[in-house]
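Peer 1: My structure is in model-v2.csv, and what it holds is CSV, C-alpha atoms and all ligand atoms:
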```csv
chain,number,residue,atom,x,y,z
C,185,MET,CA,123.6,97.3,94.4
C,186,GLY,CA,124.0,97.2,90.6
C,187,ILE,CA,122.8,99.7,88.0
C,188,VAL,CA,119.1,100.2,88.6
C,189,ILE,CA,118.1,100.4,84.9
C,190,ASP,CA,119.9,97.1,84.4
C,191,LEU,CA,117.9,95.5,87.3
C,192,ILE,CA,114.7,96.7,85.7
C,193,GLY,CA,115.7,95.5,82.3
C,194,ALA,CA,116.7,92.1,83.7
C,195,ALA,CA,113.4,91.7,85.5
C,196,LYS,CA,111.5,92.6,82.4
C,197,ALA,CA,113.5,90.1,80.3
C,198,GLY,CA,112.8,87.4,82.9
C,199,GLY,CA,109.1,88.3,83.0
C,200,ARG,CA,109.3,89.4,86.7
C,201,LYS,CA,107.1,92.3,87.6
C,202,MET,CA,108.4,94.9,90.1
C,203,LEU,CA,106.8,96.9,92.9
C,204,ALA,CA,108.2,100.4,93.8
C,205,VAL,CA,107.1,101.9,97.1
C,206,LEU,CA,106.7,105.7,96.7
C,207,ILE,CA,107.6,107.8,99.7
C,208,ASP,CA,106.6,111.5,99.7
C,209,PRO,CA,109.4,113.5,101.4
C,210,ASP,CA,106.8,115.6,103.3
C,211,PHE,CA,105.1,112.5,104.7
C,212,GLY,CA,108.7,111.3,105.5
C,213,ALA,CA,108.8,114.0,108.1
C,214,ASP,CA,107.1,111.5,110.4
C,215,GLU,CA,110.1,109.4,111.1
C,216,ALA,CA,108.4,106.5,112.9
C,217,GLN,CA,105.9,106.1,110.0
C,218,LEU,CA,108.8,106.4,107.5
C,219,GLU,CA,110.8,103.7,109.2
C,220,ARG,CA,107.8,101.3,109.4
C,221,THR,CA,107.1,101.9,105.7
C,222,VAL,CA,110.8,101.2,104.7
C,223,GLN,CA,111.0,98.1,107.0
C,224,ASN,CA,107.8,96.7,105.4
C,225,ALA,CA,109.1,97.4,101.9
C,226,CYS,CA,112.3,95.5,102.7
C,227,MET,CA,110.5,92.6,104.5
C,228,ALA,CA,107.9,92.3,101.7
C,229,LYS,CA,110.7,92.3,99.1
C,230,ALA,CA,109.4,95.3,97.3
C,231,ASP,CA,111.9,95.9,94.5
C,232,MET,CA,112.6,99.6,94.8
C,233,ILE,CA,111.9,102.6,97.0
C,234,PHE,CA,111.1,105.8,95.1
C,235,VAL,CA,111.3,109.1,97.0
C,236,GLY,CA,109.7,112.3,95.6
C,237,GLY,CA,106.7,114.5,95.3
C,238,SER,CA,105.2,117.1,93.0
C,239,LEU,CA,105.4,120.0,95.5
C,240,LEU,CA,108.6,121.9,96.1
C,241,THR,CA,111.1,120.2,98.2
C,242,SER,CA,110.8,120.1,102.0
C,243,ALA,CA,113.8,121.2,103.9
C,244,ALA,CA,114.0,117.6,105.2
C,245,PHE,CA,114.3,116.0,101.7
C,246,ASP,CA,117.9,115.1,101.9
C,247,ARG,CA,117.5,113.8,105.5
C,248,CYS,CA,114.5,111.7,104.3
C,249,VAL,CA,116.6,110.1,101.5
C,250,GLU,CA,119.5,109.5,103.9
C,251,LEU,CA,117.2,107.7,106.4
C,252,VAL,CA,115.5,105.6,103.7
C,253,LYS,CA,118.9,104.5,102.4
C,254,GLN,CA,120.1,103.8,105.9
C,255,TRP,CA,117.1,101.6,106.7
C,256,SER,CA,116.8,99.9,103.3
C,257,ASP,CA,118.5,97.1,101.5
C,258,ARG,CA,116.4,98.0,98.4
C,259,PRO,CA,117.6,100.4,95.6
C,260,VAL,CA,116.5,104.0,96.5
C,261,VAL,CA,115.5,105.9,93.4
C,262,LEU,CA,114.6,109.6,93.3
C,263,PHE,CA,111.3,110.6,91.5
C,264,PRO,CA,111.9,114.4,91.7
C,265,GLY,CA,109.2,116.9,91.5
C,266,SER,CA,111.7,119.7,91.0
C,267,PRO,CA,115.5,120.1,90.4
C,268,ALA,CA,115.9,120.7,94.1
C,269,GLN,CA,114.9,117.1,94.9
C,270,LEU,CA,118.3,115.6,94.6
C,271,SER,CA,120.4,113.7,97.1
C,272,LYS,CA,123.7,112.0,97.0
C,273,HIS,CA,122.3,109.3,99.3
C,274,ALA,CA,120.1,107.8,96.5
C,275,ASP,CA,121.2,105.1,94.1
C,276,ALA,CA,119.6,106.6,91.1
C,277,VAL,CA,117.3,109.4,89.9
C,278,LEU,CA,114.6,109.2,87.3
C,279,PHE,CA,115.7,111.9,84.8
C,280,LEU,CA,112.2,112.8,83.8
C,281,SER,CA,111.1,114.4,80.6
C,282,LEU,CA,107.4,115.3,80.7
C,283,ILE,CA,106.8,114.1,77.1
C,284,SER,CA,103.0,114.2,77.3
C,285,GLY,CA,103.2,118.0,77.9
C,286,ARG,CA,104.6,120.9,76.0
C,287,ASN,CA,106.1,122.8,78.9
C,288,PRO,CA,109.8,123.5,77.8
C,289,GLU,CA,110.9,123.7,81.4
C,290,LEU,CA,109.9,120.1,82.0
C,291,LEU,CA,111.2,118.9,78.7
C,292,ILE,CA,114.7,120.4,79.0
C,293,GLY,CA,114.9,123.4,81.4
C,294,HIS,CA,115.0,121.6,84.7
C,295,HIS,CA,117.4,119.0,83.3
C,296,VAL,CA,120.0,121.8,82.5
C,297,THR,CA,119.6,123.1,86.1
C,298,ALA,CA,119.9,119.6,87.7
C,299,ALA,CA,122.6,118.1,85.4
C,300,PRO,CA,125.8,119.5,87.0
C,301,THR,CA,124.5,118.4,90.5
C,302,ILE,CA,123.7,114.9,89.3
C,303,ARG,CA,127.1,114.5,87.7
C,304,ALA,CA,128.8,115.8,90.8
C,305,MET,CA,126.8,113.5,93.1
C,306,GLY,CA,127.7,110.6,90.9
C,307,ILE,CA,124.3,109.0,91.1
C,308,GLU,CA,122.8,107.0,88.2
C,309,ALA,CA,120.4,109.0,85.9
C,310,ILE,CA,117.7,107.0,84.3
C,311,PRO,CA,116.4,108.8,81.2
C,312,THR,CA,112.6,108.5,81.6
C,313,GLY,CA,109.7,109.6,79.4
C,314,TYR,CA,107.1,110.7,81.8
C,315,MET,CA,103.5,110.7,80.5
C,316,LEU,CA,100.7,112.2,82.6
C,317,VAL,CA,97.4,110.5,81.9
C,318,ASP,CA,93.9,111.8,82.9
C,319,GLY,CA,92.9,110.0,86.1
C,320,GLY,CA,89.5,111.5,86.7
C,321,LYS,CA,90.4,114.7,88.6
C,322,PRO,CA,93.1,117.3,88.5
C,323,THR,CA,96.1,116.2,90.6
C,324,THR,CA,99.0,118.1,92.1
C,325,VAL,CA,101.2,117.0,89.2
C,326,SER,CA,98.8,118.3,86.6
C,327,TYR,CA,98.4,121.6,88.4
C,328,VAL,CA,102.1,122.1,89.2
C,329,SER,CA,103.3,121.1,85.7
C,330,GLN,CA,100.7,123.2,84.0
C,331,THR,CA,100.2,120.5,81.3
C,332,VAL,CA,97.2,118.8,79.9
C,333,PRO,CA,97.1,115.0,80.6
C,334,ILE,CA,96.6,112.5,77.8
C,335,PRO,CA,92.9,111.7,77.7
C,336,HIS,CA,92.1,108.4,79.5
C,337,ASP,CA,90.5,106.8,76.5
C,338,LYS,CA,93.2,107.7,73.9
C,339,PRO,CA,95.7,104.8,73.9
C,340,GLY,CA,96.8,105.8,70.4
C,341,ILE,CA,98.1,109.1,71.7
C,342,ALA,CA,99.9,107.4,74.5
C,343,ALA,CA,101.5,104.9,72.1
C,344,ALA,CA,102.7,107.6,69.7
C,345,THR,CA,104.2,109.6,72.6
C,346,ALA,CA,105.9,106.5,74.0
C,347,ILE,CA,107.4,105.7,70.5
C,348,ALA,CA,108.7,109.2,70.2
C,349,GLY,CA,110.3,108.9,73.7
C,350,GLU,CA,111.9,105.6,72.7
C,351,LEU,CA,113.2,107.0,69.4
C,352,LEU,CA,114.7,109.9,71.4
C,353,GLY,CA,116.7,107.3,73.4
C,354,LEU,CA,114.7,107.4,76.7
C,355,ARG,CA,115.3,104.1,78.6
C,356,THR,CA,111.9,103.7,80.2
C,357,ILE,CA,108.3,105.1,79.9
C,358,TYR,CA,106.5,106.1,83.1
C,359,MET,CA,102.7,106.6,82.7
C,360,ASP,CA,101.1,108.2,85.7
C,361,THR,CA,97.6,109.4,86.5
C,362,GLY,CA,99.0,111.3,89.5
C,363,SER,CA,99.0,110.7,93.2
C,364,GLY,CA,95.5,110.0,94.6
C,365,ALA,CA,93.9,109.7,91.2
C,366,LEU,CA,90.4,108.4,91.0
C,367,ARG,CA,91.5,105.8,88.4
C,368,THR,CA,94.6,104.2,87.1
C,369,VAL,CA,96.0,104.2,83.6
C,370,SER,CA,93.7,101.9,81.7
C,371,PRO,CA,94.8,98.3,80.8
C,372,GLU,CA,94.0,99.2,77.2
C,373,MET,CA,96.4,102.1,77.2
C,374,ILE,CA,99.1,100.0,78.8
C,375,ALA,CA,98.6,97.3,76.3
C,376,ALA,CA,98.8,99.7,73.4
C,377,VAL,CA,102.1,101.2,74.7
C,378,ARG,CA,103.4,97.7,75.4
C,379,LYS,CA,102.9,96.7,71.8
C,380,SER,CA,104.6,99.9,70.6
C,381,VAL,CA,107.9,100.1,72.6
C,382,ALA,CA,110.4,97.6,74.0
C,383,VAL,CA,111.6,99.7,77.0
C,384,PRO,CA,110.3,98.9,80.5
C,385,ILE,CA,106.9,100.5,81.4
C,386,ILE,CA,106.4,102.0,84.8
C,387,ILE,CA,102.8,102.7,85.9
C,388,GLY,CA,101.6,104.8,88.8
C,389,GLY,CA,98.6,106.7,90.2
C,390,GLY,CA,95.5,105.4,92.0
C,391,ILE,CA,96.7,101.8,92.5
C,392,ARG,CA,95.0,100.7,95.7
C,393,ASP,CA,94.1,97.0,95.5
C,394,VAL,CA,95.8,93.8,94.5
C,395,LYS,CA,93.3,92.9,91.8
C,396,THR,CA,93.9,96.1,89.9
C,397,ALA,CA,97.7,95.6,90.3
C,398,GLN,CA,97.4,92.2,88.7
C,399,VAL,CA,95.3,93.5,85.8
C,400,LEU,CA,97.9,96.3,85.1
C,401,CYS,CA,100.7,93.8,85.2
C,402,ASP,CA,98.9,91.4,82.9
C,403,ALA,CA,98.3,94.4,80.5
C,404,GLY,CA,102.0,94.9,80.2
C,405,ALA,CA,103.2,97.1,83.1
C,406,ASP,CA,106.8,96.1,84.2
C,407,VAL,CA,106.9,98.3,87.4
C,408,LEU,CA,104.0,99.4,89.5
C,409,VAL,CA,104.4,102.5,91.8
C,410,VAL,CA,102.2,102.8,94.8
C,411,GLY,CA,102.2,105.8,97.3
C,412,THR,CA,98.9,106.8,98.8
C,413,ALA,CA,97.6,103.3,99.6
C,414,PHE,CA,100.8,102.6,101.6
C,415,GLU,CA,100.8,105.9,103.3
C,416,GLN,CA,97.3,105.0,104.6
C,417,ASP,CA,98.3,101.5,105.5
C,418,PRO,CA,102.0,100.5,105.4
C,419,ASP,CA,101.0,96.8,106.1
C,420,HIS,CA,99.3,96.7,102.7
C,421,ILE,CA,102.8,96.5,101.1
C,422,PHE,CA,102.9,92.7,101.9
C,423,ALA,CA,99.7,91.8,99.9
C,424,MET,CA,100.6,94.1,97.1
C,425,SER,CA,104.1,92.7,96.8
C,426,GLU,CA,102.7,89.2,96.7
C,427,ALA,CA,100.2,90.2,94.0
C,428,VAL,CA,102.8,91.8,91.8
C,429,HIS,CA,105.4,89.0,92.2
C,430,GLY,CA,102.9,86.2,92.1
A,501,LIG,C1,103.3,107.7,91.5
A,501,LIG,O1,101.6,109.2,91.3
A,501,LIG,C2,101.9,107.9,91.7
A,501,LIG,O2,103.5,107.6,90.1
A,501,LIG,C3,101.5,107.6,93.1
A,501,LIG,O3,100.2,107.5,93.1
A,501,LIG,O4,99.8,108.0,95.5
A,501,LIG,O5,97.9,107.3,94.0
A,501,LIG,O6,99.7,105.6,94.6
A,501,LIG,P1,99.4,107.1,94.4
```
Please render this file's structure as structure tokens.
Ligand code: 1GP

Peer 2:
Amino acid sequence: MGIVIDLIGAAKAGGRKMLAVLIDPDFGADEAQLERTVQNACMAKADMIFVGGSLLTSAAFDRCVELVKQWSDRPVVLFPGSPAQLSKHADAVLFLSLISGRNPELLIGHHVTAAPTIRAMGIEAIPTGYMLVDGGKPTTVSYVSQTVPIPHDKPGIAAATAIAGELLGLRTIYMDTGSGALRTVSPEMIAAVRKSVAVPIIIGGGIRDVKTAQVLCDAGADVLVVGTAFEQDPDHIFAMSEAVHG
């Protein structure tokens, strides 16, 4: 399968944009729907499957990751909402520091809790600077993390935060307006961060249509993460994948 951060880096170097299909482990409790989503992701040549959610883990989390891995020929990457969302069946885990917030648990506390398990599982950890951006309404992640998102119209704050993350050695920057957000991270903010850091930029939250996806890629996003739109219609993965790769 290769090292996931190297796959992302190679795609970025080659100017190839990536699509990650996000699966919420709770939604994954519906196995037929889960299988269809994973099959579509593979057939549409989506680049990665992310599994995770902001709420505490469902008992079925590990089973969900195991099934996704079994059905998928794509890299499976954990996007954990808590240190309990770990599974040896995954290829990698986004080792997230919530650098837009000032909650010490999400800057280092959860990492200490999760680190021995990640090491024991032997899965790849991808040091990720996670930046929550205002998407027009409070989302589960803003509520659960108890942090204030970066204002939507302040690209300078996002750029400074991303630079700090890169200087700290983080390997990727993930800007997210949260699942089901009313609006995505703005192209202006993505462009400002793109100009400021060399690491790959992941964008998620509120991406529903192919036109928006293209605008965000043109602004400098390297990886787009889509969850809600594919939960509502798993067949939408095909058009989205074409738009991102086209
Ligand atoms: C992942 O929060 C996003 O970063 C997912 O957002 O569910 O709105 O696609 P959507």

Peer 1: Residues contacting ligand LIG 501 (chain A) - anything with an atom at most 10 Å away, using all atoms listed in the file - can you give me those as an NGL selection string?

Peer 2: :C and (204-208 or 234-238 or 263 or 314 or 316 or 319 or 323-325 or 358-368 or 386-392 or 408-416)

Peer 1: Let me make sure I understand: among C:Val332, C:Ala344, C:Leu354, C:Val394, which one has the smallest atom-to-atom distance to C:Gly285 if we use only C-alpha atoms?

Peer 2: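 Using only C-alpha atoms, the shortest distance to C:Gly285 belongs to C:Val332.
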
Peer 1: Quick one: pull the distance between atom CA of C:Met232 and atom CA of C:Leu251, Å, one decimal.

Peer 2: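 Pair atom CA of C:Met232 / atom CA of C:Leu251 returns 14.9 Å.
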
Peer 1: As a PyMOL selection string, please: the residues near C:Gly404 (cut-off 9 Å, all atoms listed in the file, same-chain neighbours under 6 positions excluded).

Peer 2: chain C and resi 371+374-379+385

Peer 1: With C-alpha atoms retained, write the just-selected residues as an mmCIF file, keeping the file's coordinate frame.

Peer 2:
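Result file result.cif:
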```cif
data_model
loop_
_atom_site.group_PDB
_atom_site.id
_atom_site.type_symbol
_atom_site.label_atom_id
_atom_site.label_comp_id
_atom_site.auth_asym_id
_atom_site.auth_seq_id
_atom_site.Cartn_x
_atom_site.Cartn_y
_atom_site.Cartn_z
ATOM 1 C CA PRO C 371 94.800 98.300 80.800
ATOM 2 C CA ILE C 374 99.100 100.000 78.800
ATOM 3 C CA ALA C 375 98.600 97.300 76.300
ATOM 4 C CA ALA C 376 98.800 99.700 73.400
ATOM 5 C CA VAL C 377 102.100 101.200 74.700
ATOM 6 C CA ARG C 378 103.400 97.700 75.400
ATOM 7 C CA LYS C 379 102.900 96.700 71.800
ATOM 8 C CA ILE C 385 106.900 100.500 81.400
#
```

Peer 1: Skip stretch 216-224 of chain C itself and residues of its chain fewer than 5 positions away, then list as a PyMOL selection string all residues within 10 Å of it, counting all atoms listed in the file.

Peer 2: chain C and resi 205-209+211+229-230+233+248+251-258+414-415+417-422

Peer 1: I need the residue nearest C:Asp406 from this list: C:Val383, C:Met424, C:Met315, C:Ile334. Use all atoms listed in the file for the distance.

Peer 2: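 Closest to C:Asp406 of all the choices is C:Val383.
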
Peer 1: Nearest to C:Val407: which of C:Ala268, C:Ile292, C:Ala299, C:Ile357 is it, counting all atoms listed in the file?

Peer 2: C:Ile357

Peer 1: What's around C:Val428 at 7 Å? Count all atoms listed in the file, leave out sequence neighbours fewer than 3 positions away in its own chain, and write the answer as a VMD selection string.

Peer 2: chain C and resid 201 to 203 397 to 398 424 to 425

Peer 1: When you look at C:Phe279 with a cut-off of 6 Å (counting only C-alpha atoms), what residues show up, excluding the ones that are within fewer than 4 positions of it in the same chain? I need them as a PyMOL selection string.

Peer 2: chain C and resi 309-312
